[in-house]
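What follows is the content of data_0.cif, which has mmCIF, N, CA and C atoms:
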data_coords
#
loop_
_atom_site.label_atom_id
_atom_site.label_comp_id
_atom_site.auth_asym_id
_atom_site.auth_seq_id
_atom_site.Cartn_x
_atom_site.Cartn_y
_atom_site.Cartn_z
N MET A 1 -52.96 22.53 -9.78
CA MET A 1 -53.07 21.97 -8.46
C MET A 1 -52.59 20.50 -8.46
N PHE A 2 -52.96 19.77 -9.52
CA PHE A 2 -52.54 18.38 -9.63
C PHE A 2 -51.02 18.28 -9.72
N ARG A 3 -50.39 19.18 -10.46
CA ARG A 3 -48.93 19.16 -10.62
C ARG A 3 -48.24 19.43 -9.28
N ILE A 4 -48.75 20.34 -8.50
CA ILE A 4 -48.18 20.65 -7.19
C ILE A 4 -48.24 19.43 -6.29
N LEU A 5 -49.40 18.76 -6.24
CA LEU A 5 -49.54 17.58 -5.41
C LEU A 5 -48.62 16.45 -5.89
N SER A 6 -48.48 16.32 -7.19
CA SER A 6 -47.57 15.29 -7.73
C SER A 6 -46.14 15.56 -7.30
N ASN A 7 -45.70 16.81 -7.41
CA ASN A 7 -44.33 17.16 -7.02
C ASN A 7 -44.10 16.96 -5.52
N VAL A 8 -45.10 17.30 -4.71
CA VAL A 8 -44.98 17.10 -3.27
C VAL A 8 -44.83 15.61 -2.96
N HIS A 9 -45.62 14.79 -3.63
CA HIS A 9 -45.53 13.34 -3.42
C HIS A 9 -44.18 12.79 -3.88
N ILE A 10 -43.71 13.21 -5.02
CA ILE A 10 -42.41 12.75 -5.53
C ILE A 10 -41.29 13.17 -4.59
N ASN A 11 -41.31 14.41 -4.12
CA ASN A 11 -40.28 14.87 -3.20
C ASN A 11 -40.30 14.08 -1.89
N ALA A 12 -41.49 13.80 -1.37
CA ALA A 12 -41.60 13.03 -0.13
C ALA A 12 -41.08 11.61 -0.35
N TYR A 13 -41.39 11.02 -1.50
CA TYR A 13 -40.91 9.67 -1.81
C TYR A 13 -39.39 9.64 -1.90
N ARG A 14 -38.80 10.60 -2.59
CA ARG A 14 -37.33 10.65 -2.72
C ARG A 14 -36.66 10.86 -1.37
N LYS A 15 -37.25 11.72 -0.54
CA LYS A 15 -36.68 11.97 0.78
C LYS A 15 -36.72 10.72 1.63
N LYS A 16 -37.83 10.01 1.61
CA LYS A 16 -37.96 8.79 2.38
C LYS A 16 -37.00 7.72 1.88
N ARG A 17 -36.84 7.62 0.57
CA ARG A 17 -35.96 6.62 -0.02
C ARG A 17 -34.50 6.88 0.32
N SER A 18 -34.10 8.15 0.43
CA SER A 18 -32.70 8.48 0.70
C SER A 18 -32.33 8.36 2.18
N GLN A 19 -33.34 8.34 3.05
CA GLN A 19 -33.06 8.23 4.48
C GLN A 19 -32.82 6.77 4.86
N LEU A 20 -31.94 6.57 5.81
CA LEU A 20 -31.66 5.23 6.30
C LEU A 20 -32.82 4.73 7.13
N GLU A 21 -33.10 3.46 7.01
CA GLU A 21 -34.15 2.86 7.81
C GLU A 21 -33.60 2.59 9.19
N GLN A 22 -34.29 3.06 10.20
CA GLN A 22 -33.84 2.88 11.58
C GLN A 22 -34.74 1.88 12.28
N CYS A 23 -34.10 0.92 12.95
CA CYS A 23 -34.86 -0.04 13.74
C CYS A 23 -33.96 -0.57 14.84
N PHE A 24 -34.54 -1.25 15.79
CA PHE A 24 -33.78 -1.83 16.89
C PHE A 24 -33.11 -3.10 16.40
N ALA A 25 -31.97 -3.41 16.97
CA ALA A 25 -31.21 -4.60 16.57
C ALA A 25 -32.01 -5.88 16.83
N GLU A 26 -32.84 -5.88 17.86
CA GLU A 26 -33.63 -7.06 18.18
C GLU A 26 -34.68 -7.35 17.12
N GLU A 27 -35.08 -6.31 16.37
CA GLU A 27 -36.14 -6.47 15.37
C GLU A 27 -35.61 -6.94 14.02
N LEU A 28 -34.30 -6.94 13.83
CA LEU A 28 -33.73 -7.34 12.55
C LEU A 28 -33.85 -8.84 12.35
N THR A 29 -34.19 -9.21 11.13
CA THR A 29 -34.25 -10.63 10.80
C THR A 29 -33.03 -11.00 9.98
N ASP A 30 -32.80 -12.30 9.86
CA ASP A 30 -31.67 -12.77 9.06
C ASP A 30 -31.82 -12.37 7.60
N GLN A 31 -33.04 -12.36 7.09
CA GLN A 31 -33.27 -11.98 5.70
C GLN A 31 -32.89 -10.52 5.46
N GLN A 32 -33.22 -9.65 6.41
CA GLN A 32 -32.87 -8.24 6.27
C GLN A 32 -31.36 -8.05 6.30
N LEU A 33 -30.67 -8.77 7.17
CA LEU A 33 -29.22 -8.66 7.24
C LEU A 33 -28.56 -9.17 5.97
N SER A 34 -29.02 -10.30 5.45
CA SER A 34 -28.42 -10.83 4.23
C SER A 34 -28.72 -9.94 3.04
N ALA A 35 -29.89 -9.32 3.00
CA ALA A 35 -30.22 -8.40 1.91
C ALA A 35 -29.34 -7.15 1.97
N ALA A 36 -29.10 -6.66 3.17
CA ALA A 36 -28.24 -5.48 3.32
C ALA A 36 -26.81 -5.81 2.93
N TYR A 37 -26.35 -7.00 3.29
CA TYR A 37 -24.99 -7.41 2.93
C TYR A 37 -24.86 -7.58 1.42
N ALA A 38 -25.91 -8.09 0.79
CA ALA A 38 -25.86 -8.29 -0.66
C ALA A 38 -25.81 -6.97 -1.41
N ARG A 39 -26.44 -5.93 -0.83
CA ARG A 39 -26.42 -4.62 -1.50
C ARG A 39 -25.05 -3.98 -1.48
N CYS A 40 -24.27 -4.21 -0.46
CA CYS A 40 -22.93 -3.61 -0.39
C CYS A 40 -21.90 -4.73 -0.34
N THR A 41 -21.46 -5.13 -1.50
CA THR A 41 -20.48 -6.20 -1.59
C THR A 41 -19.14 -5.71 -1.05
N PRO A 42 -18.31 -6.59 -0.53
CA PRO A 42 -17.03 -6.18 0.01
C PRO A 42 -16.14 -5.49 -1.03
N GLN A 43 -16.27 -5.85 -2.30
CA GLN A 43 -15.44 -5.24 -3.34
C GLN A 43 -15.73 -3.74 -3.45
N GLU A 44 -16.98 -3.34 -3.25
CA GLU A 44 -17.33 -1.93 -3.34
C GLU A 44 -16.74 -1.13 -2.19
N LEU A 45 -16.53 -1.76 -1.05
CA LEU A 45 -16.06 -1.06 0.13
C LEU A 45 -14.54 -0.94 0.18
N ARG A 46 -13.83 -1.65 -0.67
CA ARG A 46 -12.38 -1.69 -0.62
C ARG A 46 -11.79 -0.60 -1.50
N SER A 47 -10.69 -0.05 -1.04
CA SER A 47 -10.02 0.99 -1.82
C SER A 47 -9.17 0.33 -2.91
N ALA A 48 -8.75 1.13 -3.86
CA ALA A 48 -7.92 0.63 -4.94
C ALA A 48 -6.58 0.12 -4.42
N GLU A 49 -6.05 0.79 -3.41
CA GLU A 49 -4.77 0.35 -2.84
C GLU A 49 -4.91 -1.02 -2.17
N ASP A 50 -6.05 -1.28 -1.51
CA ASP A 50 -6.25 -2.58 -0.89
C ASP A 50 -6.30 -3.69 -1.95
N VAL A 51 -6.98 -3.41 -3.05
CA VAL A 51 -7.05 -4.40 -4.12
C VAL A 51 -5.67 -4.65 -4.71
N ALA A 52 -4.89 -3.58 -4.91
CA ALA A 52 -3.54 -3.73 -5.46
C ALA A 52 -2.64 -4.49 -4.50
N LEU A 53 -2.75 -4.22 -3.21
CA LEU A 53 -1.92 -4.91 -2.23
C LEU A 53 -2.26 -6.39 -2.14
N ASP A 54 -3.52 -6.74 -2.38
CA ASP A 54 -3.91 -8.14 -2.36
C ASP A 54 -3.27 -8.91 -3.51
N SER A 55 -2.96 -8.23 -4.60
CA SER A 55 -2.36 -8.92 -5.74
C SER A 55 -0.86 -9.15 -5.55
N LEU A 56 -0.25 -8.46 -4.60
CA LEU A 56 1.18 -8.63 -4.34
C LEU A 56 1.40 -9.72 -3.30
N PRO A 57 2.46 -10.50 -3.45
CA PRO A 57 2.78 -11.48 -2.41
C PRO A 57 3.18 -10.77 -1.11
N ASP A 58 2.87 -11.39 0.01
CA ASP A 58 3.18 -10.80 1.31
C ASP A 58 4.67 -10.57 1.50
N ASN A 59 5.49 -11.45 0.95
CA ASN A 59 6.94 -11.30 1.10
C ASN A 59 7.44 -10.01 0.46
N ASP A 60 6.86 -9.64 -0.69
CA ASP A 60 7.27 -8.40 -1.35
C ASP A 60 6.94 -7.19 -0.48
N ILE A 61 5.78 -7.22 0.14
CA ILE A 61 5.37 -6.09 0.99
C ILE A 61 6.27 -6.01 2.21
N LYS A 62 6.53 -7.15 2.84
CA LYS A 62 7.39 -7.16 4.03
C LYS A 62 8.80 -6.69 3.69
N THR A 63 9.32 -7.17 2.56
CA THR A 63 10.66 -6.78 2.15
C THR A 63 10.73 -5.29 1.85
N ALA A 64 9.73 -4.77 1.15
CA ALA A 64 9.71 -3.34 0.84
C ALA A 64 9.56 -2.51 2.10
N LEU A 65 8.75 -2.97 3.04
CA LEU A 65 8.57 -2.25 4.30
C LEU A 65 9.87 -2.23 5.10
N GLN A 66 10.60 -3.34 5.08
CA GLN A 66 11.88 -3.40 5.79
C GLN A 66 12.93 -2.50 5.14
N ALA A 67 12.77 -2.21 3.86
CA ALA A 67 13.74 -1.37 3.15
C ALA A 67 13.57 0.11 3.48
N LEU A 68 12.44 0.48 4.07
CA LEU A 68 12.22 1.89 4.41
C LEU A 68 13.10 2.30 5.59
N PRO A 69 13.49 3.57 5.64
CA PRO A 69 14.19 4.06 6.83
C PRO A 69 13.29 3.90 8.07
N VAL A 70 13.91 3.75 9.22
CA VAL A 70 13.20 3.39 10.46
C VAL A 70 12.05 4.36 10.77
N GLN A 71 12.28 5.66 10.68
CA GLN A 71 11.23 6.61 11.06
C GLN A 71 10.02 6.51 10.13
N PHE A 72 10.25 6.25 8.83
CA PHE A 72 9.14 6.10 7.90
C PHE A 72 8.45 4.75 8.11
N ARG A 73 9.25 3.71 8.30
CA ARG A 73 8.70 2.37 8.50
C ARG A 73 7.79 2.33 9.72
N THR A 74 8.23 2.95 10.80
CA THR A 74 7.45 2.95 12.04
C THR A 74 6.12 3.66 11.85
N ALA A 75 6.16 4.83 11.22
CA ALA A 75 4.92 5.59 11.01
C ALA A 75 3.96 4.84 10.10
N VAL A 76 4.47 4.29 9.01
CA VAL A 76 3.61 3.56 8.07
C VAL A 76 3.06 2.30 8.73
N TYR A 77 3.88 1.61 9.49
CA TYR A 77 3.42 0.39 10.17
C TYR A 77 2.29 0.70 11.15
N TYR A 78 2.50 1.71 12.00
CA TYR A 78 1.47 2.05 12.97
C TYR A 78 0.17 2.47 12.29
N ALA A 79 0.28 3.28 11.24
CA ALA A 79 -0.92 3.81 10.59
C ALA A 79 -1.64 2.77 9.75
N ASP A 80 -0.91 2.05 8.90
CA ASP A 80 -1.55 1.19 7.91
C ASP A 80 -1.73 -0.25 8.35
N VAL A 81 -0.87 -0.74 9.21
CA VAL A 81 -0.99 -2.12 9.65
C VAL A 81 -1.77 -2.21 10.96
N GLU A 82 -1.39 -1.39 11.93
CA GLU A 82 -2.04 -1.42 13.24
C GLU A 82 -3.30 -0.57 13.30
N GLY A 83 -3.44 0.42 12.41
CA GLY A 83 -4.63 1.27 12.41
C GLY A 83 -4.65 2.30 13.52
N VAL A 84 -3.48 2.71 13.98
CA VAL A 84 -3.38 3.69 15.06
C VAL A 84 -3.61 5.09 14.48
N SER A 85 -4.27 5.97 15.24
CA SER A 85 -4.52 7.32 14.76
C SER A 85 -3.22 8.12 14.71
N ARG A 86 -3.24 9.18 13.95
CA ARG A 86 -2.03 9.99 13.77
C ARG A 86 -1.59 10.68 15.05
N THR A 87 -2.55 11.09 15.86
CA THR A 87 -2.17 11.72 17.13
C THR A 87 -1.54 10.70 18.08
N GLN A 88 -2.04 9.47 18.05
CA GLN A 88 -1.44 8.43 18.88
C GLN A 88 -0.05 8.05 18.38
N ILE A 89 0.11 8.07 17.05
CA ILE A 89 1.44 7.78 16.48
C ILE A 89 2.43 8.85 16.93
N ALA A 90 2.00 10.11 16.93
CA ALA A 90 2.87 11.20 17.37
C ALA A 90 3.29 10.98 18.82
N ALA A 91 2.38 10.53 19.66
CA ALA A 91 2.72 10.27 21.06
C ALA A 91 3.66 9.07 21.18
N LEU A 92 3.40 8.01 20.40
CA LEU A 92 4.25 6.83 20.45
C LEU A 92 5.67 7.11 19.96
N MET A 93 5.77 7.94 18.92
CA MET A 93 7.08 8.24 18.34
C MET A 93 7.75 9.44 18.99
N ASN A 94 7.04 10.06 19.94
CA ASN A 94 7.56 11.23 20.63
C ASN A 94 7.96 12.33 19.64
N SER A 95 7.03 12.61 18.72
CA SER A 95 7.27 13.66 17.72
C SER A 95 5.99 14.46 17.53
N GLN A 96 6.09 15.50 16.73
CA GLN A 96 4.93 16.36 16.51
C GLN A 96 3.99 15.75 15.49
N TYR A 97 2.74 16.20 15.53
CA TYR A 97 1.70 15.69 14.64
C TYR A 97 2.08 15.92 13.18
N ARG A 98 2.54 17.11 12.86
CA ARG A 98 2.91 17.42 11.47
C ARG A 98 4.08 16.57 11.00
N THR A 99 4.99 16.24 11.89
CA THR A 99 6.11 15.37 11.55
C THR A 99 5.61 13.99 11.18
N VAL A 100 4.62 13.50 11.91
CA VAL A 100 4.04 12.20 11.61
C VAL A 100 3.38 12.22 10.23
N LEU A 101 2.64 13.29 9.94
CA LEU A 101 2.00 13.40 8.63
C LEU A 101 3.04 13.38 7.51
N SER A 102 4.13 14.09 7.71
CA SER A 102 5.19 14.13 6.72
C SER A 102 5.83 12.76 6.54
N ARG A 103 6.11 12.09 7.65
CA ARG A 103 6.74 10.76 7.58
C ARG A 103 5.81 9.74 6.92
N LEU A 104 4.52 9.84 7.20
CA LEU A 104 3.56 8.95 6.55
C LEU A 104 3.54 9.17 5.05
N HIS A 105 3.49 10.43 4.65
CA HIS A 105 3.45 10.74 3.22
C HIS A 105 4.71 10.24 2.52
N ARG A 106 5.85 10.56 3.07
CA ARG A 106 7.12 10.16 2.45
C ARG A 106 7.32 8.65 2.49
N GLY A 107 6.95 8.03 3.60
CA GLY A 107 7.09 6.58 3.73
C GLY A 107 6.21 5.83 2.76
N ARG A 108 4.96 6.29 2.62
CA ARG A 108 4.05 5.65 1.67
C ARG A 108 4.53 5.84 0.23
N ARG A 109 5.06 7.02 -0.05
CA ARG A 109 5.57 7.28 -1.40
C ARG A 109 6.74 6.35 -1.70
N GLN A 110 7.66 6.20 -0.75
CA GLN A 110 8.80 5.30 -0.96
C GLN A 110 8.35 3.85 -1.07
N LEU A 111 7.41 3.46 -0.24
CA LEU A 111 6.90 2.09 -0.28
C LEU A 111 6.22 1.81 -1.62
N ARG A 112 5.44 2.76 -2.09
CA ARG A 112 4.79 2.61 -3.39
C ARG A 112 5.82 2.47 -4.50
N SER A 113 6.88 3.25 -4.43
CA SER A 113 7.94 3.18 -5.43
C SER A 113 8.64 1.82 -5.39
N LEU A 114 8.93 1.33 -4.19
CA LEU A 114 9.59 0.03 -4.07
C LEU A 114 8.70 -1.10 -4.58
N LEU A 115 7.42 -1.05 -4.25
CA LEU A 115 6.50 -2.09 -4.71
C LEU A 115 6.29 -2.01 -6.21
N ASP A 116 6.29 -0.81 -6.76
CA ASP A 116 6.14 -0.64 -8.21
C ASP A 116 7.35 -1.21 -8.93
N THR A 117 8.53 -1.00 -8.37
CA THR A 117 9.75 -1.54 -8.96
C THR A 117 9.70 -3.05 -8.98
N ASN A 118 9.24 -3.67 -7.89
CA ASN A 118 9.14 -5.13 -7.83
C ASN A 118 8.07 -5.66 -8.76
N ALA A 119 6.98 -4.94 -8.92
CA ALA A 119 5.88 -5.39 -9.79
C ALA A 119 6.30 -5.34 -11.25
N ASN A 120 7.16 -4.39 -11.61
CA ASN A 120 7.60 -4.27 -13.00
C ASN A 120 8.63 -5.32 -13.38
N HIS A 121 9.29 -5.94 -12.40
CA HIS A 121 10.30 -6.96 -12.66
C HIS A 121 9.93 -8.22 -11.91
N PRO A 122 8.86 -8.94 -12.31
CA PRO A 122 8.37 -10.04 -11.49
C PRO A 122 9.37 -11.17 -11.27
N GLY A 123 9.79 -11.88 -12.27
CA GLY A 123 10.63 -13.05 -12.05
C GLY A 123 12.02 -12.69 -11.57
N GLY A 124 12.71 -11.86 -12.30
CA GLY A 124 14.05 -11.48 -11.94
C GLY A 124 14.07 -10.11 -11.32
N ALA A 125 13.33 -9.93 -10.25
CA ALA A 125 13.24 -8.63 -9.62
C ALA A 125 14.60 -8.22 -9.06
N PRO A 126 15.00 -6.98 -9.30
CA PRO A 126 16.24 -6.53 -8.73
C PRO A 126 16.11 -6.46 -7.21
N PRO A 127 17.18 -6.65 -6.49
CA PRO A 127 17.08 -6.61 -5.04
C PRO A 127 16.66 -5.23 -4.56
N ILE A 128 15.84 -5.22 -3.52
CA ILE A 128 15.39 -3.96 -2.95
C ILE A 128 16.54 -3.39 -2.13
N PRO A 129 16.86 -2.12 -2.36
CA PRO A 129 17.97 -1.52 -1.61
C PRO A 129 17.64 -1.46 -0.13
N THR A 130 18.61 -1.78 0.69
CA THR A 130 18.39 -1.73 2.13
C THR A 130 18.70 -0.34 2.65
N ALA A 131 18.03 0.02 3.72
CA ALA A 131 18.25 1.34 4.34
C ALA A 131 19.59 1.34 5.03
N SER A 132 20.33 2.42 4.86
CA SER A 132 21.63 2.50 5.52
C SER A 132 21.66 3.62 6.52
#
For the structure just supplied, provide its representation as structure tokens.
Amino acid sequence: MFRILSNVHINAYRKKRSQLEQCFAEELTDQQLSAAYARCTPQELRSAEDVALDSLPDNDIKTALQALPVQFRTAVYYADVEGVSRTQIAALMNSQYRTVLSRLHRGRRQLRSLLDTNANHPGGAPPIPTAS
């Protein structure tokens, strides 16, 4: 009987601990907000690609983005820079949803390749080929 009660208590404790604490915004104190911010540092929330892009100079990214063909550049720009949804990109580009997905995939792959080429040759980087 003691073991059953112990397990019930442990399960209730784990369930309560895993649930988010809900309260009204007016009831939050500055200490609670700072404690919550300290628990989730910005580094934990960032993707690996964001960290890698921060290490590259902005000029390299702009140059590589300009080297992409227009249809790929537009899709990548809308999605990754402006944060537009894929369905909205399809409407803006007057193309189908699947076409946008394909252009995003191919554009990101080309952009990654161009940035990787520049990262491997830092000082005397070969010129990025322009789209023709």
Compare A:Arg14, A:Ala64, A:Phe2, A:Gln32 by their minimum atom-to-atom distance to A:Asp116, counting only C-alpha atoms, and give me the closest one.
A:Ala64
Quick one: distance from atom CA of A:Gln96 to atom CA of A:Tyr78 in Å, one decimal?
15.1 Å
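Distance-wise, atom CA of A:Ser113 and atom CA of A:Glu82 end up 21.7 Å apart.
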Atom-to-atom span, atom N of A:Leu5 and atom N of A:Ser18, Å
19.8 Å
Starting from the displayed file, determine the output of the PyMOL selection byres ((chain A and resi 104) around 8) and express the residue list as a list in words.
Gln71, Phe72, Arg73, Thr74, Ala75, Val76, Tyr77, Ala79, Arg98, Thr99, Val100, Leu101, Ser102, Arg103, His105, Arg106, Gly107, Arg108, Arg109 and Gln110 of chain A
Around all the atoms of stretch 74-87 of chain A listed in the file, draw an axis-aligned box and extend it by 5 Å on each of the six sides; I want its centre and edge lengths in Å to one decimal, as AutoDock Vina command-line options.
--center_x 1.8 --center_y 4.8 --center_z 13.0 --size_x 22.9 --size_y 23.9 --size_z 20.2
